[in-house]
Amino acid sequence: MDPNRSRPVEDLVHWNGALSDLIRDARRGEPTSIVTFRRGHALAAAEKVTAGLASPSQLIDWAQAVHFEDYVDVEEEHQDLLTQFLVEISNPELFEPVTREVCHRWLCVLQASMASDPEAAER
């Protein structure tokens with residue numbers, strides 16, 4: 001068993017690299033373990049857009065890939081918040097277009113959630 005088999009999914013969740021490569025690699029093969037999607041992952045992704053390092057359309061593609069990846073599990077303690085983030089970002093036609101302003105709003109929500117949780121900094 002290759003311990004690096006779950007690495008592509010982990011890289012996708014962390015958005016470590018070129019998005020098209022991450023999505024392609026995550027779809028290949030079967031990972032050996034589940035990767036947990038946490039508030040820090042959502043925060044970092046939204047920050048990429050607000051900092052101009054990624055476009056809103058890239059964030060939409062990333063959120064869709066993470067949301068529909070079978071080997072990604074949403075952090076149970078914050079499942080409602082994180083699921084809402086993924087659903088709203090990955091479905092702009094149902095909610096609102098993803099813009100820097102929308103990402104900034106999500107940053108505020110996620111940062112407030114983490115500020116009220118002293119253990120979040122340790123994760």
# chains A, B, ... in the order shown; residues from 1 in each chain; ligands from 1
call {"tool": "residues_around", "arguments": {"residues": "Ala18 (chain A)", "least_positions_apart": "5", "cutoff": "12 Å", "atoms": "only C-alpha atoms", "output": "VMD selection string"}}
result
chain A and resid 8 11 to 12 23 to 25 53 to 54 58 61 to 62
call {"tool": "write_last_selection", "arguments": {"atoms": "N, CA and C atoms", "output": "PDB file, in the first residue's frame"}}
result
ATOM      1  N   PRO A   8      -2.724  13.266  -3.102  1.00  0.00           N
ATOM      2  CA  PRO A   8      -3.396  14.155  -4.058  1.00  0.00           C
ATOM      3  C   PRO A   8      -4.669  14.791  -3.495  1.00  0.00           C
ATOM      4  N   ASP A  11      -3.523  17.416  -1.021  1.00  0.00           N
ATOM      5  CA  ASP A  11      -3.039  18.595  -1.750  1.00  0.00           C
ATOM      6  C   ASP A  11      -4.193  19.419  -2.303  1.00  0.00           C
ATOM      7  N   LEU A  12      -5.240  18.753  -2.773  1.00  0.00           N
ATOM      8  CA  LEU A  12      -6.419  19.453  -3.274  1.00  0.00           C
ATOM      9  C   LEU A  12      -7.074  20.263  -2.156  1.00  0.00           C
ATOM     10  N   ILE A  23      -6.932  18.807  -9.251  1.00  0.00           N
ATOM     11  CA  ILE A  23      -8.216  18.157  -9.515  1.00  0.00           C
ATOM     12  C   ILE A  23      -7.995  16.862 -10.286  1.00  0.00           C
ATOM     13  N   ARG A  24      -7.162  16.912 -11.303  1.00  0.00           N
ATOM     14  CA  ARG A  24      -6.867  15.716 -12.108  1.00  0.00           C
ATOM     15  C   ARG A  24      -6.251  14.619 -11.237  1.00  0.00           C
ATOM     16  N   ASP A  25      -5.262  14.973 -10.434  1.00  0.00           N
ATOM     17  CA  ASP A  25      -4.574  13.974  -9.605  1.00  0.00           C
ATOM     18  C   ASP A  25      -5.486  13.379  -8.543  1.00  0.00           C
ATOM     19  N   LEU A  53      -4.420  35.999  -5.644  1.00  0.00           N
ATOM     20  CA  LEU A  53      -3.607  34.848  -6.034  1.00  0.00           C
ATOM     21  C   LEU A  53      -4.401  33.811  -6.809  1.00  0.00           C
ATOM     22  N   ALA A  54      -5.722  33.932  -6.762  1.00  0.00           N
ATOM     23  CA  ALA A  54      -6.610  33.024  -7.504  1.00  0.00           C
ATOM     24  C   ALA A  54      -7.842  33.826  -7.912  1.00  0.00           C
ATOM     25  N   GLN A  58     -11.689  30.096 -10.186  1.00  0.00           N
ATOM     26  CA  GLN A  58     -10.846  29.021  -9.658  1.00  0.00           C
ATOM     27  C   GLN A  58     -11.357  28.554  -8.306  1.00  0.00           C
ATOM     28  N   ASP A  61     -14.254  26.265  -8.910  1.00  0.00           N
ATOM     29  CA  ASP A  61     -13.783  24.940  -9.346  1.00  0.00           C
ATOM     30  C   ASP A  61     -13.207  24.148  -8.179  1.00  0.00           C
ATOM     31  N   TRP A  62     -12.434  24.818  -7.329  1.00  0.00           N
ATOM     32  CA  TRP A  62     -11.828  24.156  -6.167  1.00  0.00           C
ATOM     33  C   TRP A  62     -12.930  23.674  -5.215  1.00  0.00           C
TER      34      TRP A  62
END
call {"tool": "select_by_dssp", "arguments": {"residues": "chain A", "states": "strand (DSSP E or B)", "output": "PyMOL selection string"}}
result
chain A and resi 35-37+72-74
call {"tool": "write_last_selection", "arguments": {"atoms": "C-alpha atoms", "output": "short mmCIF file (atom, residue, chain, number, x, y, z; two decimals), in the first residue's frame"}}
result
data_model
loop_
_atom_site.label_atom_id
_atom_site.label_comp_id
_atom_site.auth_asym_id
_atom_site.auth_seq_id
_atom_site.Cartn_x
_atom_site.Cartn_y
_atom_site.Cartn_z
CA VAL A 35 -8.90 13.85 4.39
CA THR A 36 -10.76 16.16 6.77
CA PHE A 37 -11.83 19.55 5.40
CA VAL A 72 -13.00 14.37 1.81
CA ASP A 73 -14.90 14.49 5.07
CA VAL A 74 -16.09 17.80 6.51
#
call {"tool": "residues_around", "arguments": {"residues": "Ala45 (chain A)", "least_positions_apart": "4", "cutoff": "9 Å", "atoms": "only C-alpha atoms", "output": "ChimeraX atom specification"}}
result
/A:14-15,40-41,49,54,59,62-63,103
call {"tool": "closest_residue", "arguments": {"among": "A:Ala46, A:Leu110, A:Leu19, A:Ala115", "to": "His78 (chain A)", "atoms": "only C-alpha atoms"}}
result
A:Leu110
call {"tool": "select_by_dssp", "arguments": {"residues": "chain A", "states": "helix (DSSP H, G or I)", "output": "PyMOL selection string"}}
result
chain A and resi 3-14+19-27+39-50+56-67+76-90+100-115+120-122
